[in-house]
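Structure file upload_19.cif (mmCIF, C-alpha atoms and all ligand atoms) is printed below.
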```cif
data_my_file
#
loop_
_atom_site.label_atom_id
_atom_site.label_comp_id
_atom_site.auth_asym_id
_atom_site.auth_seq_id
_atom_site.Cartn_x
_atom_site.Cartn_y
_atom_site.Cartn_z
CA MET A 1 79.71 -8.77 -12.80
CA ASP A 2 81.06 -10.26 -16.05
CA THR A 3 77.57 -10.45 -17.61
CA LYS A 4 74.90 -7.76 -17.61
CA ALA A 5 72.21 -8.08 -14.89
CA LYS A 6 68.91 -9.16 -16.47
CA LYS A 7 66.17 -6.78 -15.39
CA SER A 8 63.47 -9.12 -16.70
CA LEU A 9 64.64 -11.76 -14.17
CA GLY A 10 64.60 -9.32 -11.26
CA GLN A 11 68.38 -9.41 -10.95
CA ASN A 12 69.51 -6.95 -8.28
CA PHE A 13 72.41 -8.41 -6.40
CA LEU A 14 72.93 -7.85 -2.70
CA MET A 15 76.27 -6.13 -2.17
CA ASP A 16 76.12 -5.12 1.49
CA GLN A 17 77.71 -7.76 3.75
CA SER A 18 76.11 -6.27 6.88
CA VAL A 19 72.65 -6.89 5.36
CA ILE A 20 73.63 -10.49 4.57
CA ASP A 21 74.79 -10.95 8.18
CA ARG A 22 71.51 -9.58 9.51
CA ILE A 23 69.52 -11.92 7.25
CA LEU A 24 71.40 -14.90 8.69
CA SER A 25 70.78 -13.70 12.20
CA VAL A 26 67.04 -13.07 11.65
CA ALA A 27 66.67 -16.47 9.92
CA GLU A 28 68.54 -18.12 12.83
CA VAL A 29 70.66 -20.28 10.54
CA HIS A 30 72.63 -22.98 12.36
CA GLU A 31 75.24 -25.53 11.40
CA HIS A 32 72.94 -28.51 10.85
CA ASP A 33 70.10 -26.62 9.18
CA ARG A 34 68.77 -27.39 5.72
CA ILE A 35 68.18 -24.22 3.70
CA PHE A 36 66.17 -23.79 0.53
CA GLU A 37 67.20 -20.67 -1.42
CA ILE A 38 65.36 -19.25 -4.44
CA GLY A 39 67.38 -17.15 -6.88
CA PRO A 40 70.96 -17.43 -5.55
CA GLY A 41 72.19 -15.09 -8.29
CA MET A 42 75.93 -14.54 -7.92
CA GLY A 43 75.97 -16.43 -4.65
CA ALA A 44 76.60 -13.74 -2.02
CA LEU A 45 73.86 -15.03 0.32
CA THR A 46 74.54 -18.66 -0.65
CA GLN A 47 78.19 -18.23 0.36
CA ALA A 48 77.27 -16.83 3.76
CA LEU A 49 74.68 -19.58 4.30
CA SER A 50 77.14 -22.31 3.38
CA GLN A 51 79.79 -20.87 5.72
CA THR A 52 77.53 -21.54 8.70
CA GLY A 53 77.84 -25.25 7.88
CA ALA A 54 74.18 -25.52 6.89
CA SER A 55 73.22 -27.49 3.75
CA VAL A 56 71.95 -25.24 0.97
CA LEU A 57 69.71 -26.27 -1.92
CA ALA A 58 69.33 -23.36 -4.33
CA ILE A 59 67.29 -22.99 -7.50
CA GLU A 60 68.33 -20.44 -10.13
CA ILE A 61 66.69 -19.84 -13.52
CA ASP A 62 69.61 -18.13 -15.28
CA GLN A 63 71.90 -20.67 -16.93
CA GLN A 64 74.89 -18.29 -16.98
CA LEU A 65 74.56 -17.73 -13.25
CA VAL A 66 74.14 -21.46 -12.62
CA GLU A 67 77.45 -22.10 -14.41
CA ARG A 68 79.11 -19.40 -12.36
CA LEU A 69 77.62 -20.76 -9.10
CA ASN A 70 78.77 -24.29 -9.97
CA ARG A 71 82.32 -22.97 -10.37
CA ILE A 72 82.17 -21.08 -7.06
CA PHE A 73 80.79 -23.99 -5.11
CA VAL A 74 82.55 -26.86 -6.82
CA GLN A 75 84.38 -27.71 -3.57
CA SER A 76 81.41 -27.14 -1.27
CA GLU A 77 79.71 -30.42 -0.52
CA ASN A 78 76.97 -28.67 1.43
CA VAL A 79 75.76 -26.59 -1.56
CA SER A 80 73.57 -27.95 -4.40
CA ILE A 81 72.60 -25.67 -7.28
CA LEU A 82 69.66 -26.59 -9.45
CA GLU A 83 68.88 -24.90 -12.75
CA GLY A 84 65.18 -24.15 -13.21
CA SER A 85 62.29 -21.85 -12.43
CA ILE A 86 60.63 -21.98 -9.02
CA LEU A 87 57.35 -21.56 -10.91
CA ASP A 88 57.88 -24.65 -13.09
CA VAL A 89 59.54 -27.25 -10.89
CA ASN A 90 57.61 -29.54 -8.60
CA VAL A 91 58.88 -28.02 -5.35
CA GLU A 92 57.30 -30.79 -3.28
CA GLU A 93 59.29 -33.45 -5.19
CA LEU A 94 62.43 -31.36 -5.13
CA LEU A 95 62.33 -31.04 -1.34
CA ALA A 96 61.47 -34.71 -0.89
CA HIS A 97 64.34 -35.72 -3.14
CA ALA A 98 66.76 -33.59 -1.10
CA GLY A 99 65.53 -35.23 2.09
CA TYR A 100 64.11 -31.90 3.30
CA GLU A 101 60.51 -33.01 3.54
CA TYR A 102 60.80 -35.08 6.70
CA GLN A 103 63.80 -33.46 8.32
CA GLY A 104 62.57 -29.88 8.32
CA TYR A 105 64.10 -26.91 6.54
CA LYS A 106 64.17 -23.12 6.40
CA VAL A 107 63.74 -20.88 3.37
CA VAL A 108 66.19 -17.97 3.16
CA ALA A 109 66.21 -15.96 -0.06
CA ASN A 110 66.54 -12.63 -1.76
CA ILE A 111 63.83 -13.39 -4.29
CA PRO A 112 63.02 -11.90 -7.72
CA TYR A 113 60.31 -9.31 -6.93
CA TYR A 114 58.29 -9.84 -10.12
CA ILE A 115 57.08 -13.17 -8.69
CA THR A 116 56.86 -12.36 -4.97
CA ALA A 117 53.22 -13.37 -4.52
CA PRO A 118 53.48 -16.65 -6.50
CA ILE A 119 56.63 -17.63 -4.56
CA ILE A 120 54.95 -17.01 -1.20
CA ARG A 121 51.85 -18.88 -2.38
CA ILE A 122 53.95 -21.88 -3.45
CA LEU A 123 55.88 -21.97 -0.18
CA LEU A 124 52.81 -21.71 2.03
CA SER A 125 50.84 -24.35 0.15
CA LEU A 126 53.48 -27.08 0.37
CA ARG A 127 52.57 -30.28 2.17
CA SER A 128 55.90 -29.94 3.92
CA GLN A 129 56.00 -26.30 4.99
CA ALA A 130 59.30 -24.75 6.07
CA SER A 131 59.82 -24.07 9.78
CA SER A 132 60.52 -20.46 8.79
CA ILE A 133 60.65 -18.40 5.60
CA THR A 134 62.94 -15.36 5.55
CA LEU A 135 62.63 -13.32 2.36
CA MET A 136 63.91 -10.05 0.99
CA VAL A 137 60.91 -8.36 -0.63
CA GLN A 138 59.95 -4.90 -1.78
CA ASP A 139 59.45 -2.71 1.31
CA GLU A 140 55.96 -1.71 0.25
CA VAL A 141 55.00 -5.38 -0.21
CA ALA A 142 56.37 -6.24 3.25
CA GLU A 143 54.18 -3.47 4.72
CA ARG A 144 51.14 -4.80 2.85
CA ILE A 145 51.77 -8.36 4.03
CA VAL A 146 52.08 -7.46 7.73
CA ALA A 147 49.11 -5.05 7.61
CA LYS A 148 46.63 -5.07 10.51
CA PRO A 149 42.82 -5.03 10.35
CA GLY A 150 41.95 -1.64 8.86
CA SER A 151 44.46 -1.98 6.00
CA MET A 152 44.18 -5.66 5.05
CA SER A 153 44.20 -6.91 1.45
CA ILE A 154 43.77 -10.31 -0.20
CA LEU A 155 47.57 -10.69 0.04
CA SER A 156 47.76 -10.00 3.78
CA VAL A 157 44.78 -12.25 4.52
CA MET A 158 46.31 -15.04 2.42
CA VAL A 159 49.71 -14.81 4.11
CA GLN A 160 48.48 -14.27 7.67
CA TYR A 161 45.97 -17.10 7.35
CA TYR A 162 48.89 -19.51 6.97
CA ALA A 163 51.72 -17.79 8.83
CA GLU A 164 52.80 -15.31 11.46
CA ALA A 165 54.32 -12.46 9.48
CA GLU A 166 56.91 -9.97 10.71
CA LYS A 167 58.81 -7.21 8.93
CA CYS A 168 62.27 -7.57 10.44
CA PHE A 169 64.22 -4.65 8.97
CA PHE A 170 64.32 -2.09 6.19
CA VAL A 171 66.98 -2.36 3.44
CA PRO A 172 67.75 0.73 1.34
CA ARG A 173 67.95 0.32 -2.45
CA THR A 174 71.65 1.25 -2.32
CA ALA A 175 72.44 -2.17 -0.82
CA PHE A 176 71.96 -3.69 -4.31
CA ASP A 177 73.71 -3.62 -7.66
CA PRO A 178 72.21 -2.53 -9.99
CA VAL A 179 70.35 -0.13 -7.67
CA PRO A 180 66.62 -0.89 -8.05
CA ALA A 181 63.84 1.70 -8.20
CA VAL A 182 62.40 0.57 -4.85
CA ASP A 183 63.54 0.00 -1.28
CA SER A 184 63.39 -3.45 0.30
CA ALA A 185 62.74 -5.14 3.61
CA VAL A 186 63.39 -8.52 5.15
CA LEU A 187 60.20 -10.36 5.97
CA LYS A 188 59.96 -13.44 8.19
CA LEU A 189 57.06 -15.87 8.01
CA ILE A 190 56.48 -18.66 10.51
CA PRO A 191 53.93 -21.10 9.05
CA LYS A 192 51.21 -21.95 11.58
CA HIS A 193 48.40 -23.44 9.52
CA ARG A 194 48.79 -26.36 7.17
CA PHE A 195 47.43 -25.86 3.66
CA GLN A 196 44.30 -27.98 3.14
CA ALA A 197 42.93 -27.33 -0.32
CA SER A 198 39.37 -28.47 0.22
CA GLU A 199 38.94 -26.85 3.65
CA ASP A 200 40.65 -23.58 2.76
CA ARG A 201 38.91 -23.12 -0.58
CA HIS A 202 35.66 -21.85 0.93
CA VAL A 203 37.51 -19.30 3.06
CA PHE A 204 39.30 -17.79 0.05
CA ARG A 205 36.13 -17.82 -2.02
CA VAL A 206 34.57 -15.58 0.63
CA VAL A 207 37.74 -13.46 0.97
CA ARG A 208 37.94 -12.86 -2.80
CA ALA A 209 34.26 -12.00 -2.92
CA GLY A 210 34.65 -9.69 0.09
CA PHE A 211 37.41 -7.70 -1.60
CA SER A 212 35.79 -7.69 -5.07
CA ALA A 213 34.82 -3.99 -4.98
CA ARG A 214 37.03 -2.10 -2.53
CA ARG A 215 34.72 0.89 -2.14
CA LYS A 216 31.67 -1.19 -1.32
CA THR A 217 30.84 -2.57 2.10
CA LEU A 218 31.62 -6.20 2.81
CA ALA A 219 27.90 -6.97 3.12
CA ASN A 220 27.27 -5.53 -0.34
CA ASN A 221 30.08 -7.51 -1.92
CA LEU A 222 28.97 -10.77 -0.32
CA THR A 223 25.30 -10.16 -1.23
CA ASN A 224 26.27 -9.63 -4.88
CA ALA A 225 28.77 -12.47 -5.13
CA PHE A 226 26.64 -15.17 -3.55
CA HIS A 227 23.17 -13.90 -4.55
CA LEU A 228 22.12 -13.98 -0.91
CA GLU A 229 19.49 -11.71 0.54
CA ARG A 230 20.94 -8.76 2.39
CA ALA A 231 19.05 -9.70 5.57
CA ARG A 232 20.70 -13.12 5.66
CA ILE A 233 24.17 -11.59 5.43
CA GLU A 234 23.28 -9.09 8.16
CA ARG A 235 22.15 -11.91 10.43
CA LEU A 236 25.53 -13.58 9.99
CA PHE A 237 27.33 -10.34 10.81
CA ALA A 238 25.20 -9.87 13.92
CA ALA A 239 25.93 -13.45 15.05
CA LEU A 240 29.67 -12.71 14.83
CA GLY A 241 29.42 -9.21 16.32
CA ILE A 242 30.62 -7.64 13.04
CA GLU A 243 29.46 -4.08 12.24
CA PRO A 244 26.97 -4.09 9.29
CA MET A 245 28.84 -1.33 7.38
CA ILE A 246 32.31 -2.88 7.77
CA ARG A 247 34.66 -3.09 4.76
CA ALA A 248 36.73 -6.13 3.84
CA GLN A 249 40.03 -4.48 4.80
CA GLU A 250 38.85 -4.15 8.42
CA LEU A 251 38.31 -7.84 9.19
CA SER A 252 40.77 -9.95 11.20
CA ILE A 253 41.85 -13.45 10.12
CA ALA A 254 39.75 -15.03 12.89
CA GLU A 255 36.69 -13.09 11.65
CA TRP A 256 37.29 -14.20 8.05
CA ARG A 257 37.45 -17.83 9.18
CA ALA A 258 34.25 -17.60 11.21
CA LEU A 259 32.44 -15.64 8.52
CA ALA A 260 33.49 -18.07 5.77
CA ASP A 261 32.08 -21.00 7.74
CA LEU A 262 28.74 -19.23 8.20
CA VAL A 263 28.55 -18.04 4.57
CA ALA A 264 29.30 -21.59 3.36
CA GLY A 265 26.39 -22.80 5.52
CA GLU A 266 24.07 -20.14 4.07
CA ILE A 267 25.00 -20.94 0.47
CA ASP A 268 24.12 -24.58 1.07
CA THR A 269 20.83 -23.70 2.80
CA PRO A 270 17.88 -22.45 0.75
CA PRO A 271 16.15 -19.30 2.09
CA ALA A 272 13.29 -19.86 4.56
CA GLU A 273 9.82 -19.83 2.88
N1 LIG B 301 70.23 -13.96 -4.10
C1 LIG B 301 71.03 -13.11 -4.95
C2 LIG B 301 71.52 -11.92 -4.16
O1 LIG B 301 71.05 -11.76 -3.03
O2 LIG B 301 72.36 -11.17 -4.63
C3 LIG B 301 70.26 -12.67 -6.19
C4 LIG B 301 68.93 -12.01 -5.93
S1 LIG B 301 68.12 -11.37 -7.37
C5 LIG B 301 67.05 -10.22 -6.56
C6 LIG B 301 66.94 -12.65 -7.84
C7 LIG B 301 67.53 -13.90 -8.47
O3 LIG B 301 66.44 -14.76 -8.82
C8 LIG B 301 68.28 -13.67 -9.77
O4 LIG B 301 69.51 -14.36 -9.72
C9 LIG B 301 67.38 -14.25 -10.87
O5 LIG B 301 68.09 -14.75 -11.98
C10 LIG B 301 66.67 -15.34 -10.09
N2 LIG B 301 65.34 -15.71 -10.67
C11 LIG B 301 64.50 -14.95 -11.39
N3 LIG B 301 63.38 -15.63 -11.72
C12 LIG B 301 63.53 -16.88 -11.17
C13 LIG B 301 62.71 -18.04 -11.18
N4 LIG B 301 61.52 -18.06 -11.78
N5 LIG B 301 63.17 -19.15 -10.53
C14 LIG B 301 64.38 -19.14 -9.91
N6 LIG B 301 65.20 -18.06 -9.88
C15 LIG B 301 64.78 -16.94 -10.50
#
```

Transcribe the structure of this file into structure tokens.
Amino acid sequence: MDTKAKKSLGQNFLMDQSVIDRILSVAEVHEHDRIFEIGPGMGALTQALSQTGASVLAIEIDQQLVERLNRIFVQSENVSILEGSILDVNVEELLAHAGYEYQGYKVVANIPYYITAPIIRILLSLRSQASSITLMVQDEVAERIVAKPGSMSILSVMVQYYAEAEKCFFVPRTAFDPVPAVDSAVLKLIPKHRFQASEDRHVFRVVRAGFSARRKTLANNLTNAFHLERARIERLFAALGIEPMIRAQELSIAEWRALADLVAGEIDTPPAE
């Protein structure tokens, strides 16, 4: 590279063509697809995406890289590079402007790891969700996201509430330049639940409260957070067939949903005299 990779921007460039080919295959990129890419960097993945014939809209924060990408893709009518931060632009407007909103699109990206959770949150809360989201992430984060009841976290509940999540394959750190300190994995999300701020808020209020003290039982955390009597929480658990001593990390998404509805009802109902 003619300029030094910027560590602060999570710049680790994918050098292994076989990994790029596998990403395309997992993402099922076809000729007429519309692809949204975050952090195209030096354009290795962008190049492969554009060669399928798909249209690529890519957002890159680093001005030097944007200039370089514009030179590389000057002749490619199917590639548009936008300079900006995924955290600052109005992604909804950007997608609408590109005509992606109504025609459907896929996200395919090797993202900067320092903003993995915000990027996933942004993508899953769009009015116009992608049909699929294929992302390179830190291997350990991929494992946390696809965790099963027993090892759940706020992150896995948040992602699995909105999408089916699958870890597709492991990518060793040596596939990148500069070589990062961590291994990676390709994660695929298929959105299944539309984001509805007002309806979802109560679920995440209960989820956050449930995970507030990891060593405590779920019943304890909910009792403290919502100032509800212990017996009321235990009645809710019994109604849902949930063990009284269960911890937050053991609940499934369906149980969180059901529990959140019941807790919301309890908060709105004063205790019996
Ligand atoms: N996709 C390229 C590849 O596979 O080689 C580069 C991946 S590198 C891990 C992440 C890229 O995201 C870098 O080019 C970095 O400059 C860019 N980036 C960092 N923060 C960003 C932000 N907030 N918005 C958009 N791009 C960002």

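For the pair atom CA of A:Asp139 and atom CA of A:Val186, the interatomic distance is 8.0 Å.
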
Sorted per-residue table, chain A near ligand LIG 301 (chain B), closest atoms and distance, 7 Å, all atoms listed in the file, as a tab-separated table:
```
residue	atom	partner	partner_atom	distance
A:Leu9	CA	B:LIG301	C11	4.2
A:Gly10	CA	B:LIG301	C6	5.3
A:Gln11	CA	B:LIG301	S1	4.1
A:Asn12	CA	B:LIG301	C5	4.4
A:Phe13	CA	B:LIG301	O2	3.3
A:Leu14	CA	B:LIG301	O2	3.9
A:Met15	CA	B:LIG301	O2	6.8
A:Ile38	CA	B:LIG301	C14	5.6
A:Gly39	CA	B:LIG301	O3	3.2
A:Pro40	CA	B:LIG301	N1	3.8
A:Gly41	CA	B:LIG301	O4	3.1
A:Met42	CA	B:LIG301	C1	5.9
A:Gly43	CA	B:LIG301	C1	6.0
A:Ala44	CA	B:LIG301	O2	5.6
A:Leu45	CA	B:LIG301	O1	5.5
A:Ile59	CA	B:LIG301	C14	5.4
A:Glu60	CA	B:LIG301	N6	3.9
A:Ile61	CA	B:LIG301	N6	4.3
A:Asp62	CA	B:LIG301	O5	5.0
A:Gly84	CA	B:LIG301	N5	6.0
A:Ser85	CA	B:LIG301	N5	3.4
A:Ile86	CA	B:LIG301	N5	4.1
A:Leu87	CA	B:LIG301	N4	5.5
A:Ala109	CA	B:LIG301	N1	6.0
A:Asn110	CA	B:LIG301	N1	4.6
A:Ile111	CA	B:LIG301	C6	4.8
A:Pro112	CA	B:LIG301	C6	4.0
A:Tyr113	CA	B:LIG301	C5	6.8
```

Which centre and which edge lengths, in Å to one decimal, describe the axis-aligned box that holds all listed atoms of stretch 224-234 of chain A after 5 Å is added on each side, as JSON?
```
{"center_x": 23.9, "center_y": -12.0, "center_z": 1.5, "size_x": 19.7, "size_y": 16.4, "size_z": 23.3}
```

All residues 12 Å or closer to A:His227, all atoms listed in the file, same chain fewer than 6 positions away omitted, as a compact mmCIF listing (two decimals) with C-alpha atoms, keeping the file's coordinate frame:
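To be explicit, this is the file written out as part33.txt:
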```txt
# COMPACT_ATOMS: atom_id res chain seq x y z
CA ALA A 209 34.26 -12.00 -2.92
CA ALA A 219 27.90 -6.97 3.12
CA ASN A 220 27.27 -5.53 -0.34
CA ASN A 221 30.08 -7.51 -1.92
CA ILE A 233 24.17 -11.59 5.43
CA VAL A 263 28.55 -18.04 4.57
CA GLU A 266 24.07 -20.14 4.07
CA ILE A 267 25.00 -20.94 0.47
CA PRO A 270 17.88 -22.45 0.75
CA PRO A 271 16.15 -19.30 2.09
```

Between atom CA of A:Lys188 and atom CA of A:Lys106 - distance in Å to one decimal:
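Rounded to one decimal, the two atoms are 10.7 Å apart.
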
Spatial neighbours of A:Thr223, max dist 9 Å, only C-alpha atoms, sep filter under 5 positions, as a PyMOL selection string
chain A and resi 218+228-230+232-233

Name all residues at most 8 Å from stretch 102-105 of chain A (count all atoms listed in the file; drop same-chain ones fewer than 5 positions away) and give them as a list in words.
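Counting all atoms listed in the file, the residues come to Asp33, Arg34, Ile35, Phe36, Ala96, Ser128, Ala130, Ser131 and Ser132 of chain A.
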
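Using all atoms listed in the file, the shortest contact distance between A:Ala264 and any of A:His202, A:Arg214, A:His32, A:Arg208 is found at A:His202.
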
Using all atoms listed in the file: which of A:Lys216, A:Ile72, A:Lys7, A:Ile190 has the shortest distance to A:Tyr114
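Going through A:Lys216, A:Ile72, A:Lys7, A:Ile190 one by one, the smallest distance to A:Tyr114 is for A:Lys7.
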
Nearest to A:Arg22, chosen from A:Leu262, A:Ala225, A:Leu155, A:Leu187, with all atoms listed in the file counted in the distances
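Among A:Leu262, A:Ala225, A:Leu155, A:Leu187, it is A:Leu187 that comes nearest to A:Arg22.
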
Rank nothing, just name the residue among A:Lys4, A:Lys167, A:Arg121, A:Lys148 nearest to A:Leu135, using all atoms listed in the file.
A:Lys167

Grab the atom CA of A:Met136 to atom CA of A:Ser184 distance for me, in Å with one decimal place.
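Here the two named atoms are 6.7 Å from each other.
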
Between A:Val159, A:Ile20, A:Ala185, A:Leu94, which residue has the minimum interatomic distance to A:Glu140, considering only C-alpha atoms?
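Of A:Val159, A:Ile20, A:Ala185, A:Leu94, the one nearest A:Glu140 is A:Ala185, counting only C-alpha atoms.
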